[in-house]
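S.K.: Provided below: my_file-v5.pdb, containing PDB, C-alpha atoms.
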```
ATOM      1  CA  MET A   1     -11.063 -19.257  23.738  1.00  0.00           C
ATOM      2  CA  ASN A   2     -11.100 -16.277  21.370  1.00  0.00           C
ATOM      3  CA  LYS A   3     -14.329 -15.409  19.586  1.00  0.00           C
ATOM      4  CA  PHE A   4     -15.059 -12.583  17.125  1.00  0.00           C
ATOM      5  CA  VAL A   5     -18.513 -12.477  15.518  1.00  0.00           C
ATOM      6  CA  TYR A   6     -19.365  -9.794  12.952  1.00  0.00           C
ATOM      7  CA  ARG A   7     -22.822  -8.891  11.657  1.00  0.00           C
ATOM      8  CA  LYS A   8     -23.901  -6.070   9.359  1.00  0.00           C
ATOM      9  CA  SER A   9     -27.162  -4.171   8.800  1.00  0.00           C
ATOM     10  CA  ALA A  10     -28.178  -0.698   7.630  1.00  0.00           C
ATOM     11  CA  GLY A  11     -24.563   0.029   6.744  1.00  0.00           C
ATOM     12  CA  ILE A  12     -23.404  -0.612  10.319  1.00  0.00           C
ATOM     13  CA  THR A  13     -21.069  -3.410  11.394  1.00  0.00           C
ATOM     14  CA  ALA A  14     -21.545  -4.916  14.844  1.00  0.00           C
ATOM     15  CA  LEU A  15     -18.827  -6.958  16.529  1.00  0.00           C
ATOM     16  CA  SER A  16     -19.301  -9.241  19.513  1.00  0.00           C
ATOM     17  CA  ALA A  17     -15.898 -10.247  20.866  1.00  0.00           C
ATOM     18  CA  SER A  18     -14.496 -12.366  23.650  1.00  0.00           C
ATOM     19  CA  PHE A  19     -10.830 -13.188  24.021  1.00  0.00           C
ATOM     20  CA  THR A  20      -8.074 -13.979  26.485  1.00  0.00           C
ATOM     21  CA  ASP A  21      -4.748 -14.235  24.663  1.00  0.00           C
ATOM     22  CA  PHE A  22      -5.312 -12.126  21.547  1.00  0.00           C
ATOM     23  CA  THR A  23      -3.619  -8.793  20.829  1.00  0.00           C
ATOM     24  CA  TYR A  24      -4.700  -6.333  18.149  1.00  0.00           C
ATOM     25  CA  LYS A  25      -1.844  -4.866  16.163  1.00  0.00           C
ATOM     26  CA  LYS A  26      -1.721  -1.131  15.477  1.00  0.00           C
ATOM     27  CA  HIS A  27      -4.434  -0.205  12.995  1.00  0.00           C
ATOM     28  CA  SER A  28      -7.220   2.258  12.299  1.00  0.00           C
ATOM     29  CA  HIS A  29     -10.707   2.278  10.757  1.00  0.00           C
ATOM     30  CA  GLU A  30     -12.336   4.725   8.394  1.00  0.00           C
ATOM     31  CA  GLU A  31     -15.481   4.501  10.531  1.00  0.00           C
ATOM     32  CA  TYR A  32     -16.361   5.809  13.951  1.00  0.00           C
ATOM     33  CA  ALA A  33     -16.127   2.923  16.427  1.00  0.00           C
ATOM     34  CA  LEU A  34     -18.351   2.819  19.522  1.00  0.00           C
ATOM     35  CA  GLY A  35     -17.936  -0.009  21.992  1.00  0.00           C
ATOM     36  CA  VAL A  36     -18.884  -1.222  25.448  1.00  0.00           C
ATOM     37  CA  THR A  37     -16.648  -3.322  27.690  1.00  0.00           C
ATOM     38  CA  LEU A  38     -18.846  -6.019  29.225  1.00  0.00           C
ATOM     39  CA  ARG A  39     -16.260  -7.950  31.261  1.00  0.00           C
ATOM     40  CA  GLY A  40     -12.641  -7.431  32.237  1.00  0.00           C
ATOM     41  CA  VAL A  41     -10.376  -4.488  31.457  1.00  0.00           C
ATOM     42  CA  GLN A  42      -9.543  -3.618  27.858  1.00  0.00           C
ATOM     43  CA  GLN A  43      -6.283  -1.729  27.405  1.00  0.00           C
ATOM     44  CA  TYR A  44      -5.038   0.039  24.309  1.00  0.00           C
ATOM     45  CA  ASN A  45      -2.881   2.833  23.032  1.00  0.00           C
ATOM     46  CA  LEU A  46      -4.883   5.481  21.198  1.00  0.00           C
ATOM     47  CA  ASP A  47      -2.900   8.082  19.272  1.00  0.00           C
ATOM     48  CA  GLY A  48      -0.024   7.408  21.660  1.00  0.00           C
ATOM     49  CA  SER A  49      -2.147   7.778  24.820  1.00  0.00           C
ATOM     50  CA  PHE A  50      -2.657   4.735  27.070  1.00  0.00           C
ATOM     51  CA  GLN A  51      -6.308   3.889  27.847  1.00  0.00           C
ATOM     52  CA  SER A  52      -8.076   1.357  30.091  1.00  0.00           C
ATOM     53  CA  SER A  53     -11.766   0.560  29.672  1.00  0.00           C
ATOM     54  CA  HIS A  54     -13.321  -1.256  32.639  1.00  0.00           C
ATOM     55  CA  ALA A  55     -16.698  -3.024  32.701  1.00  0.00           C
ATOM     56  CA  SER A  56     -19.466  -0.668  31.436  1.00  0.00           C
ATOM     57  CA  GLY A  57     -16.885   1.639  29.892  1.00  0.00           C
ATOM     58  CA  VAL A  58     -18.012   3.161  26.576  1.00  0.00           C
ATOM     59  CA  MET A  59     -15.100   3.357  24.138  1.00  0.00           C
ATOM     60  CA  LEU A  60     -15.231   6.071  21.484  1.00  0.00           C
ATOM     61  CA  PHE A  61     -12.894   6.054  18.488  1.00  0.00           C
ATOM     62  CA  ASN A  62     -12.760   8.726  15.808  1.00  0.00           C
ATOM     63  CA  PRO A  63     -12.120   7.728  12.179  1.00  0.00           C
ATOM     64  CA  GLU A  64      -8.490   6.903  11.376  1.00  0.00           C
ATOM     65  CA  GLN A  65      -7.338   6.964  15.000  1.00  0.00           C
ATOM     66  CA  ILE A  66      -4.407   4.589  15.391  1.00  0.00           C
ATOM     67  CA  HIS A  67      -4.896   2.036  18.159  1.00  0.00           C
ATOM     68  CA  ASP A  68      -4.086  -1.492  19.284  1.00  0.00           C
ATOM     69  CA  GLY A  69      -5.815  -3.614  21.959  1.00  0.00           C
ATOM     70  CA  ARG A  70      -5.446  -6.319  24.591  1.00  0.00           C
ATOM     71  CA  SER A  71      -6.857  -7.640  27.848  1.00  0.00           C
ATOM     72  CA  GLN A  72      -5.182  -6.455  31.046  1.00  0.00           C
ATOM     73  CA  TYR A  73      -5.744  -9.795  32.769  1.00  0.00           C
ATOM     74  CA  LYS A  74      -5.369 -13.409  31.664  1.00  0.00           C
ATOM     75  CA  THR A  75      -9.063 -13.958  32.399  1.00  0.00           C
ATOM     76  CA  GLY A  76      -9.797 -11.952  29.242  1.00  0.00           C
ATOM     77  CA  ILE A  77     -12.490  -9.515  28.126  1.00  0.00           C
ATOM     78  CA  ASP A  78     -15.940  -9.453  26.543  1.00  0.00           C
ATOM     79  CA  TYR A  79     -17.121  -6.426  24.585  1.00  0.00           C
ATOM     80  CA  VAL A  80     -19.257  -5.219  21.700  1.00  0.00           C
ATOM     81  CA  MET A  81     -18.334  -2.658  19.061  1.00  0.00           C
ATOM     82  CA  LEU A  82     -20.237  -0.736  16.400  1.00  0.00           C
ATOM     83  CA  TYR A  83     -18.499   0.577  13.280  1.00  0.00           C
ATOM     84  CA  ILE A  84     -20.431   3.509  11.812  1.00  0.00           C
ATOM     85  CA  HIS A  85     -19.429   5.323   8.635  1.00  0.00           C
ATOM     86  CA  PRO A  86     -18.848   9.079   9.025  1.00  0.00           C
ATOM     87  CA  ASP A  87     -21.594   9.760   6.466  1.00  0.00           C
ATOM     88  CA  HIS A  88     -24.150   8.468   8.989  1.00  0.00           C
ATOM     89  CA  PHE A  89     -22.967  10.973  11.574  1.00  0.00           C
ATOM     90  CA  THR A  90     -22.953  13.947   9.226  1.00  0.00           C
ATOM     91  CA  GLU A  91     -26.378  12.997   7.849  1.00  0.00           C
ATOM     92  CA  VAL A  92     -28.038  12.528  11.242  1.00  0.00           C
ATOM     93  CA  LEU A  93     -26.367  15.526  12.868  1.00  0.00           C
ATOM     94  CA  GLU A  94     -26.851  17.620   9.714  1.00  0.00           C
ATOM     95  CA  LYS A  95     -23.231  18.704   9.758  1.00  0.00           C
ATOM     96  CA  ARG A  96     -21.008  19.138   6.749  1.00  0.00           C
ATOM     97  CA  ASP A  97     -17.757  18.695   8.657  1.00  0.00           C
ATOM     98  CA  LEU A  98     -16.852  15.603  10.637  1.00  0.00           C
ATOM     99  CA  PRO A  99     -17.251  16.145  14.382  1.00  0.00           C
ATOM    100  CA  ARG A 100     -14.980  14.295  16.754  1.00  0.00           C
ATOM    101  CA  PHE A 101     -15.336  12.581  20.106  1.00  0.00           C
ATOM    102  CA  THR A 102     -13.827  14.659  22.883  1.00  0.00           C
ATOM    103  CA  SER A 103     -13.218  11.762  25.314  1.00  0.00           C
ATOM    104  CA  PRO A 104     -11.917   8.275  24.443  1.00  0.00           C
ATOM    105  CA  ILE A 105     -13.807   6.531  27.287  1.00  0.00           C
ATOM    106  CA  VAL A 106     -16.961   7.572  29.156  1.00  0.00           C
ATOM    107  CA  TYR A 107     -19.146   5.861  31.737  1.00  0.00           C
ATOM    108  CA  ASN A 108     -22.687   6.720  30.727  1.00  0.00           C
ATOM    109  CA  ALA A 109     -25.513   4.223  31.349  1.00  0.00           C
ATOM    110  CA  ASP A 110     -27.863   5.712  28.734  1.00  0.00           C
ATOM    111  CA  LEU A 111     -25.227   5.708  25.989  1.00  0.00           C
ATOM    112  CA  LYS A 112     -24.156   2.200  26.942  1.00  0.00           C
ATOM    113  CA  GLN A 113     -27.706   0.888  26.596  1.00  0.00           C
ATOM    114  CA  LYS A 114     -28.202   2.560  23.200  1.00  0.00           C
ATOM    115  CA  ILE A 115     -25.030   0.977  21.848  1.00  0.00           C
ATOM    116  CA  LEU A 116     -25.935  -2.440  23.227  1.00  0.00           C
ATOM    117  CA  ARG A 117     -29.486  -2.223  21.908  1.00  0.00           C
ATOM    118  CA  LEU A 118     -28.314  -1.418  18.369  1.00  0.00           C
ATOM    119  CA  ALA A 119     -25.608  -4.091  18.484  1.00  0.00           C
ATOM    120  CA  HIS A 120     -28.165  -6.645  19.704  1.00  0.00           C
ATOM    121  CA  ALA A 121     -30.622  -5.696  16.938  1.00  0.00           C
ATOM    122  CA  ILE A 122     -27.970  -6.080  14.217  1.00  0.00           C
ATOM    123  CA  SER A 123     -26.646  -9.347  15.649  1.00  0.00           C
ATOM    124  CA  ASN A 124     -30.169 -10.798  15.764  1.00  0.00           C
ATOM    125  CA  GLY A 125     -31.088  -9.840  12.212  1.00  0.00           C
ATOM    126  CA  LYS A 126     -33.701  -7.197  12.983  1.00  0.00           C
ATOM    127  CA  ASP A 127     -35.143  -5.185  10.081  1.00  0.00           C
ATOM    128  CA  GLU A 128     -32.842  -2.539   8.602  1.00  0.00           C
ATOM    129  CA  SER A 129     -35.495   0.119   9.180  1.00  0.00           C
ATOM    130  CA  PHE A 130     -35.554  -0.714  12.885  1.00  0.00           C
ATOM    131  CA  CYS A 131     -31.742  -0.638  13.071  1.00  0.00           C
ATOM    132  CA  SER A 132     -31.745   2.730  11.298  1.00  0.00           C
ATOM    133  CA  GLU A 133     -34.134   4.135  13.904  1.00  0.00           C
ATOM    134  CA  LEU A 134     -31.877   2.905  16.693  1.00  0.00           C
ATOM    135  CA  LEU A 135     -28.893   4.462  14.907  1.00  0.00           C
ATOM    136  CA  LEU A 136     -30.696   7.807  14.747  1.00  0.00           C
ATOM    137  CA  THR A 137     -31.363   7.697  18.479  1.00  0.00           C
ATOM    138  CA  LEU A 138     -27.765   6.757  19.203  1.00  0.00           C
ATOM    139  CA  VAL A 139     -26.094   9.369  17.000  1.00  0.00           C
ATOM    140  CA  GLU A 140     -28.377  12.110  18.288  1.00  0.00           C
ATOM    141  CA  SER A 141     -26.932  11.390  21.735  1.00  0.00           C
ATOM    142  CA  PHE A 142     -23.702  12.962  20.540  1.00  0.00           C
ATOM    143  CA  SER A 143     -25.233  16.239  19.417  1.00  0.00           C
ATOM    144  CA  GLU A 144     -24.564  17.886  22.747  1.00  0.00           C
ATOM    145  CA  ALA A 145     -21.368  17.580  24.796  1.00  0.00           C
ATOM    146  CA  LYS A 146     -19.764  14.329  23.711  1.00  0.00           C
ATOM    147  CA  MET A 147     -18.510  15.543  20.324  1.00  0.00           C
ATOM    148  CA  SER A 148     -16.618  18.654  19.360  1.00  0.00           C
ATOM    149  CA  PRO A 149     -18.215  20.806  16.656  1.00  0.00           C
ATOM    150  CA  GLU A 150     -14.768  21.448  15.236  1.00  0.00           C
ATOM    151  CA  ALA A 151     -13.850  19.542  12.121  1.00  0.00           C
ATOM    152  CA  TYR A 152     -10.765  17.372  11.959  1.00  0.00           C
ATOM    153  CA  LYS A 153      -7.543  19.189  11.292  1.00  0.00           C
ATOM    154  CA  THR A 154      -6.342  18.768   7.758  1.00  0.00           C
ATOM    155  CA  ASP A 155      -3.554  16.231   7.383  1.00  0.00           C
ATOM    156  CA  HIS A 156      -0.041  17.544   7.072  1.00  0.00           C
ATOM    157  CA  HIS A 157       0.614  17.993   3.323  1.00  0.00           C
ATOM    158  CA  LEU A 158       3.288  15.296   3.222  1.00  0.00           C
ATOM    159  CA  THR A 159       1.115  12.769   5.042  1.00  0.00           C
ATOM    160  CA  LYS A 160      -1.983  13.504   2.969  1.00  0.00           C
ATOM    161  CA  LYS A 161      -0.121  13.189  -0.331  1.00  0.00           C
ATOM    162  CA  ALA A 162       1.677  10.034   0.806  1.00  0.00           C
ATOM    163  CA  LYS A 163      -1.617   8.416   1.847  1.00  0.00           C
ATOM    164  CA  GLU A 164      -3.112   9.186  -1.566  1.00  0.00           C
ATOM    165  CA  MET A 165      -0.154   7.563  -3.310  1.00  0.00           C
ATOM    166  CA  MET A 166      -0.516   4.475  -1.109  1.00  0.00           C
ATOM    167  CA  TYR A 167      -4.247   4.215  -1.833  1.00  0.00           C
ATOM    168  CA  TYR A 168      -3.559   4.209  -5.566  1.00  0.00           C
ATOM    169  CA  SER A 169      -1.005   1.412  -5.117  1.00  0.00           C
ATOM    170  CA  ILE A 170      -3.172  -0.764  -2.900  1.00  0.00           C
ATOM    171  CA  ASP A 171      -3.175  -3.636  -5.401  1.00  0.00           C
ATOM    172  CA  ASN A 172       0.599  -3.720  -5.488  1.00  0.00           C
ATOM    173  CA  VAL A 173       3.570  -3.366  -3.164  1.00  0.00           C
ATOM    174  CA  LEU A 174       4.594  -0.282  -1.236  1.00  0.00           C
ATOM    175  CA  ARG A 175       7.123   1.636  -3.346  1.00  0.00           C
ATOM    176  CA  LEU A 176       8.870   3.925  -0.904  1.00  0.00           C
ATOM    177  CA  ASP A 177      11.328   5.065  -3.578  1.00  0.00           C
ATOM    178  CA  ASP A 178       8.516   6.626  -5.638  1.00  0.00           C
ATOM    179  CA  ILE A 179       6.980   8.342  -2.621  1.00  0.00           C
ATOM    180  CA  CYS A 180      10.307   9.640  -1.325  1.00  0.00           C
ATOM    181  CA  LYS A 181      11.209  10.956  -4.779  1.00  0.00           C
ATOM    182  CA  GLU A 182       7.961  12.953  -4.769  1.00  0.00           C
ATOM    183  CA  PHE A 183       9.077  14.764  -1.614  1.00  0.00           C
ATOM    184  CA  GLY A 184      12.820  14.847  -2.256  1.00  0.00           C
ATOM    185  CA  MET A 185      13.488  12.859   0.923  1.00  0.00           C
ATOM    186  CA  SER A 186      15.485   9.793   1.821  1.00  0.00           C
ATOM    187  CA  LYS A 187      13.585   6.676   2.899  1.00  0.00           C
ATOM    188  CA  PHE A 188      14.568   7.200   6.488  1.00  0.00           C
ATOM    189  CA  GLN A 189      13.559  10.863   6.487  1.00  0.00           C
ATOM    190  CA  PHE A 190      10.169   9.956   5.056  1.00  0.00           C
ATOM    191  CA  ILE A 191       9.529   7.045   7.445  1.00  0.00           C
ATOM    192  CA  ARG A 192      10.452   9.243  10.403  1.00  0.00           C
ATOM    193  CA  ALA A 193       8.210  12.118   9.237  1.00  0.00           C
ATOM    194  CA  PHE A 194       5.233   9.871   8.425  1.00  0.00           C
ATOM    195  CA  LYS A 195       5.406   8.039  11.740  1.00  0.00           C
ATOM    196  CA  ALA A 196       5.747  11.283  13.696  1.00  0.00           C
ATOM    197  CA  ASN A 197       2.614  12.648  12.016  1.00  0.00           C
ATOM    198  CA  THR A 198       0.423   9.528  12.135  1.00  0.00           C
ATOM    199  CA  GLY A 199       1.778   7.330  14.942  1.00  0.00           C
ATOM    200  CA  ILE A 200       2.228   4.404  12.559  1.00  0.00           C
ATOM    201  CA  SER A 201       4.881   3.422  10.025  1.00  0.00           C
ATOM    202  CA  PRO A 202       4.199   3.744   6.267  1.00  0.00           C
ATOM    203  CA  TYR A 203       4.350  -0.033   5.875  1.00  0.00           C
ATOM    204  CA  GLN A 204       1.863  -0.619   8.724  1.00  0.00           C
ATOM    205  CA  PHE A 205      -0.467   2.020   7.287  1.00  0.00           C
ATOM    206  CA  PHE A 206      -0.242   0.505   3.801  1.00  0.00           C
ATOM    207  CA  LEU A 207      -1.044  -2.992   5.094  1.00  0.00           C
ATOM    208  CA  ASN A 208      -3.970  -1.588   7.065  1.00  0.00           C
ATOM    209  CA  CYS A 209      -5.343   0.027   3.903  1.00  0.00           C
ATOM    210  CA  LYS A 210      -5.034  -3.252   1.994  1.00  0.00           C
ATOM    211  CA  VAL A 211      -6.854  -5.181   4.726  1.00  0.00           C
ATOM    212  CA  GLU A 212      -9.615  -2.598   5.002  1.00  0.00           C
ATOM    213  CA  TYR A 213     -10.130  -2.570   1.228  1.00  0.00           C
ATOM    214  CA  ALA A 214     -10.184  -6.377   1.233  1.00  0.00           C
ATOM    215  CA  LYS A 215     -12.904  -6.257   3.894  1.00  0.00           C
ATOM    216  CA  LYS A 216     -15.015  -3.949   1.699  1.00  0.00           C
ATOM    217  CA  LEU A 217     -14.606  -6.254  -1.298  1.00  0.00           C
ATOM    218  CA  ILE A 218     -15.591  -9.297   0.746  1.00  0.00           C
ATOM    219  CA  GLU A 219     -18.721  -7.486   1.937  1.00  0.00           C
ATOM    220  CA  SER A 220     -19.722  -6.311  -1.548  1.00  0.00           C
ATOM    221  CA  THR A 221     -18.745  -9.309  -3.703  1.00  0.00           C
ATOM    222  CA  LYS A 222     -18.683 -12.224  -1.208  1.00  0.00           C
ATOM    223  CA  ASP A 223     -15.569 -13.354  -3.118  1.00  0.00           C
ATOM    224  CA  ILE A 224     -12.533 -13.872  -0.875  1.00  0.00           C
ATOM    225  CA  TYR A 225     -10.189 -14.756  -3.721  1.00  0.00           C
ATOM    226  CA  LEU A 226     -11.088 -11.571  -5.571  1.00  0.00           C
ATOM    227  CA  ALA A 227     -10.025  -9.674  -2.462  1.00  0.00           C
ATOM    228  CA  VAL A 228      -6.723 -11.590  -2.486  1.00  0.00           C
ATOM    229  CA  THR A 229      -5.910 -10.612  -6.057  1.00  0.00           C
ATOM    230  CA  GLU A 230      -7.359  -7.085  -6.058  1.00  0.00           C
ATOM    231  CA  CYS A 231      -5.455  -6.147  -2.900  1.00  0.00           C
ATOM    232  CA  GLY A 232      -2.159  -7.683  -3.953  1.00  0.00           C
ATOM    233  CA  PHE A 233      -1.881 -10.412  -1.323  1.00  0.00           C
ATOM    234  CA  ALA A 234       0.301 -13.393  -2.218  1.00  0.00           C
ATOM    235  CA  ASP A 235      -2.450 -15.895  -1.362  1.00  0.00           C
ATOM    236  CA  LEU A 236      -5.382 -16.454   0.991  1.00  0.00           C
ATOM    237  CA  THR A 237      -3.069 -17.394   3.852  1.00  0.00           C
ATOM    238  CA  HIS A 238      -1.299 -14.050   3.458  1.00  0.00           C
ATOM    239  CA  LEU A 239      -4.617 -12.165   3.556  1.00  0.00           C
ATOM    240  CA  ASN A 240      -5.917 -14.207   6.498  1.00  0.00           C
ATOM    241  CA  ARG A 241      -2.802 -13.538   8.560  1.00  0.00           C
ATOM    242  CA  HIS A 242      -3.055  -9.759   8.232  1.00  0.00           C
ATOM    243  CA  PHE A 243      -6.865  -9.739   8.393  1.00  0.00           C
ATOM    244  CA  LYS A 244      -6.802 -11.510  11.736  1.00  0.00           C
ATOM    245  CA  ARG A 245      -4.313  -9.044  13.227  1.00  0.00           C
ATOM    246  CA  VAL A 246      -6.801  -6.220  12.610  1.00  0.00           C
ATOM    247  CA  TYR A 247     -10.207  -7.901  12.983  1.00  0.00           C
ATOM    248  CA  GLY A 248      -9.453 -10.887  15.211  1.00  0.00           C
ATOM    249  CA  THR A 249     -10.832 -13.325  12.649  1.00  0.00           C
ATOM    250  CA  THR A 250      -9.816 -14.653   9.219  1.00  0.00           C
ATOM    251  CA  ALA A 251     -11.284 -13.327   5.992  1.00  0.00           C
ATOM    252  CA  PHE A 252     -13.187 -16.587   5.484  1.00  0.00           C
ATOM    253  CA  GLU A 253     -14.669 -16.492   8.988  1.00  0.00           C
ATOM    254  CA  TYR A 254     -15.644 -12.858   8.467  1.00  0.00           C
ATOM    255  CA  LEU A 255     -17.516 -13.757   5.275  1.00  0.00           C
ATOM    256  CA  THR A 256     -19.476 -16.515   7.041  1.00  0.00           C
ATOM    257  CA  HIS A 257     -20.481 -14.012   9.762  1.00  0.00           C
ATOM    258  CA  ILE A 258     -21.833 -11.276   7.480  1.00  0.00           C
ATOM    259  CA  ASN A 259     -23.643 -13.620   5.071  1.00  0.00           C
TER     260      ASN A 259
END
```
Show the structure stored in the file as structure tokens.
M.R.:
Amino acid sequence: MNKFVYRKSAGITALSASFTDFTYKKHSHEEYALGVTLRGVQQYNLDGSFQSSHASGVMLFNPEQIHDGRSQYKTGIDYVMLYIHPDHFTEVLEKRDLPRFTSPIVYNADLKQKILRLAHAISNGKDESFCSELLLTLVESFSEAKMSPEAYKTDHHLTKKAKEMMYYSIDNVLRLDDICKEFGMSKFQFIRAFKANTGISPYQFFLNCKVEYAKKLIESTKDIYLAVTECGFADLTHLNRHFKRVYGTTAFEYLTHIN
């Protein structure tokens, strides 16, 4: 049985997941993602590097890192994950630039407990003020050796410009001809260059953007059908299919969780 339960408080999304035969497709999040493997072995490719998180492993994802996900064994995995907007990190750490995690997986009992405590508080509907205090304690744990003080490298010009053009077309279809014309490249040259720089194809990236924007609309408006139309999906089934590949649950199920 596959189970994905989302809850949100103080601007943080907590996920409690358990699955056996589910596989995440390649995607990324605009947030930092901090998780703990509770049972089994979670395997994933992160920026092209293969990772395995065993029980008690703390998984650390930087914003926009491309990854997928699956269980190594048929017995499945249980884990929790926190999605924290970069603004929370910069505010708590009093840094202007975004720091980055230096290791994708660590085994640290103190950090594990802080993540689990915050996830438990959000999942059980604790006061936002209490969750914010737990967030402060958690983020401060990264002020020493677990994050690099160096800011993210600026995107390659082509990739950055292409992403901007995709964002502005999120309610429509991906028009590769327009993007390629901007750079004086053929479709195949552009696809090859974009994938080499990001680890994901332009079409996969564009779909990921549409799904992530749909998620934000569902959270802010509680209107699934508005998300369908605003993000250019053919219908709710179309949105649900792509939503589930990224979040493990349909858009409707996600709405019932965060309400």
S.K.: Could you check how far atom CA of Ser129 of chain A sits from atom CA of Ala10 of chain A, in Å to one decimal?
M.R.: 7.5 Å
S.K.: Identify, on the basis of only C-alpha atoms, every residue whose closest approach to segment 216-231 of chain A does not exceed 9 Å; exclude the query and any residue fewer than 4 positions from it along the same chain; express the result as JSON, numbers by chain.
M.R.: {"A": [170, 171, 172, 210, 211, 212, 235, 236, 238, 239, 251, 252, 254, 255, 258, 259]}
S.K.: Show me, as lines of an AutoDock Vina configuration file, the centre and edge lengths in Å to one decimal of the axis-aligned box that covers every listed atom of segment 7-17 of chain A with 3 Å on each side.
M.R.:
```
center_x = -22.0
center_y = -5.1
center_z = 13.8
size_x = 18.3
size_y = 16.3
size_z = 20.1
```
S.K.: Can you turn the PyMOL selection byres ((chain A and resi 198) around 12) into a concrete residue list for this file, as a short mmCIF file (atom, residue, chain, number, x, y, z; two decimals) with C-alpha atoms, keeping the file's coordinate frame?
M.R.:
```
data_model
loop_
_atom_site.label_atom_id
_atom_site.label_comp_id
_atom_site.auth_asym_id
_atom_site.auth_seq_id
_atom_site.Cartn_x
_atom_site.Cartn_y
_atom_site.Cartn_z
CA LYS A 26 -1.72 -1.13 15.48
CA HIS A 27 -4.43 -0.20 13.00
CA SER A 28 -7.22 2.26 12.30
CA LEU A 46 -4.88 5.48 21.20
CA ASP A 47 -2.90 8.08 19.27
CA GLY A 48 -0.02 7.41 21.66
CA GLU A 64 -8.49 6.90 11.38
CA GLN A 65 -7.34 6.96 15.00
CA ILE A 66 -4.41 4.59 15.39
CA HIS A 67 -4.90 2.04 18.16
CA ASP A 155 -3.55 16.23 7.38
CA HIS A 156 -0.04 17.54 7.07
CA LEU A 158 3.29 15.30 3.22
CA THR A 159 1.12 12.77 5.04
CA LYS A 160 -1.98 13.50 2.97
CA ALA A 162 1.68 10.03 0.81
CA LYS A 163 -1.62 8.42 1.85
CA ILE A 191 9.53 7.04 7.44
CA ARG A 192 10.45 9.24 10.40
CA ALA A 193 8.21 12.12 9.24
CA PHE A 194 5.23 9.87 8.43
CA LYS A 195 5.41 8.04 11.74
CA ALA A 196 5.75 11.28 13.70
CA ASN A 197 2.61 12.65 12.02
CA GLY A 199 1.78 7.33 14.94
CA ILE A 200 2.23 4.40 12.56
CA SER A 201 4.88 3.42 10.02
CA PRO A 202 4.20 3.74 6.27
CA GLN A 204 1.86 -0.62 8.72
CA PHE A 205 -0.47 2.02 7.29
#
```
S.K.: Separation of atom CA of Ser52 of chain A and atom CA of Val106 of chain A, in Å?
M.R.: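 Here the two named atoms are 10.9 Å from each other.
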S.K.: Kindly output segment 172-186 of chain A as a CSV table (one decimal), in the frame of the given file, after building N, CA and C atoms.
M.R.:
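Result file follows (result.csv):
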```
chain,number,residue,atom,x,y,z
A,172,ASN,N,-0.8,-3.4,-5.2
A,172,ASN,CA,0.6,-3.7,-5.5
A,172,ASN,C,1.4,-3.7,-4.2
A,173,VAL,N,2.7,-3.5,-4.3
A,173,VAL,CA,3.6,-3.4,-3.2
A,173,VAL,C,3.9,-1.9,-2.9
A,174,LEU,N,4.3,-1.6,-1.6
A,174,LEU,CA,4.6,-0.3,-1.2
A,174,LEU,C,5.9,0.1,-1.9
A,175,ARG,N,5.9,1.2,-2.7
A,175,ARG,CA,7.1,1.6,-3.3
A,175,ARG,C,7.6,2.9,-2.7
A,176,LEU,N,8.4,2.8,-1.6
A,176,LEU,CA,8.9,3.9,-0.9
A,176,LEU,C,9.7,4.8,-1.8
A,177,ASP,N,10.5,4.3,-2.7
A,177,ASP,CA,11.3,5.1,-3.6
A,177,ASP,C,10.5,6.1,-4.3
A,178,ASP,N,9.3,5.7,-4.9
A,178,ASP,CA,8.5,6.6,-5.6
A,178,ASP,C,8.0,7.7,-4.7
A,179,ILE,N,7.5,7.4,-3.5
A,179,ILE,CA,7.0,8.3,-2.6
A,179,ILE,C,8.1,9.3,-2.2
A,180,CYS,N,9.2,8.8,-1.8
A,180,CYS,CA,10.3,9.6,-1.3
A,180,CYS,C,10.8,10.6,-2.4
A,181,LYS,N,10.8,10.1,-3.7
A,181,LYS,CA,11.2,11.0,-4.8
A,181,LYS,C,10.3,12.1,-4.9
A,182,GLU,N,9.0,11.9,-4.7
A,182,GLU,CA,8.0,13.0,-4.8
A,182,GLU,C,8.3,14.1,-3.8
A,183,PHE,N,8.8,13.8,-2.6
A,183,PHE,CA,9.1,14.8,-1.6
A,183,PHE,C,10.6,15.2,-1.5
A,184,GLY,N,11.4,14.5,-2.3
A,184,GLY,CA,12.8,14.8,-2.3
A,184,GLY,C,13.4,14.5,-0.9
A,185,MET,N,13.0,13.3,-0.4
A,185,MET,CA,13.5,12.9,0.9
A,185,MET,C,14.1,11.5,0.8
A,186,SER,N,15.0,11.2,1.7
A,186,SER,CA,15.5,9.8,1.8
A,186,SER,C,14.4,8.9,2.4
```
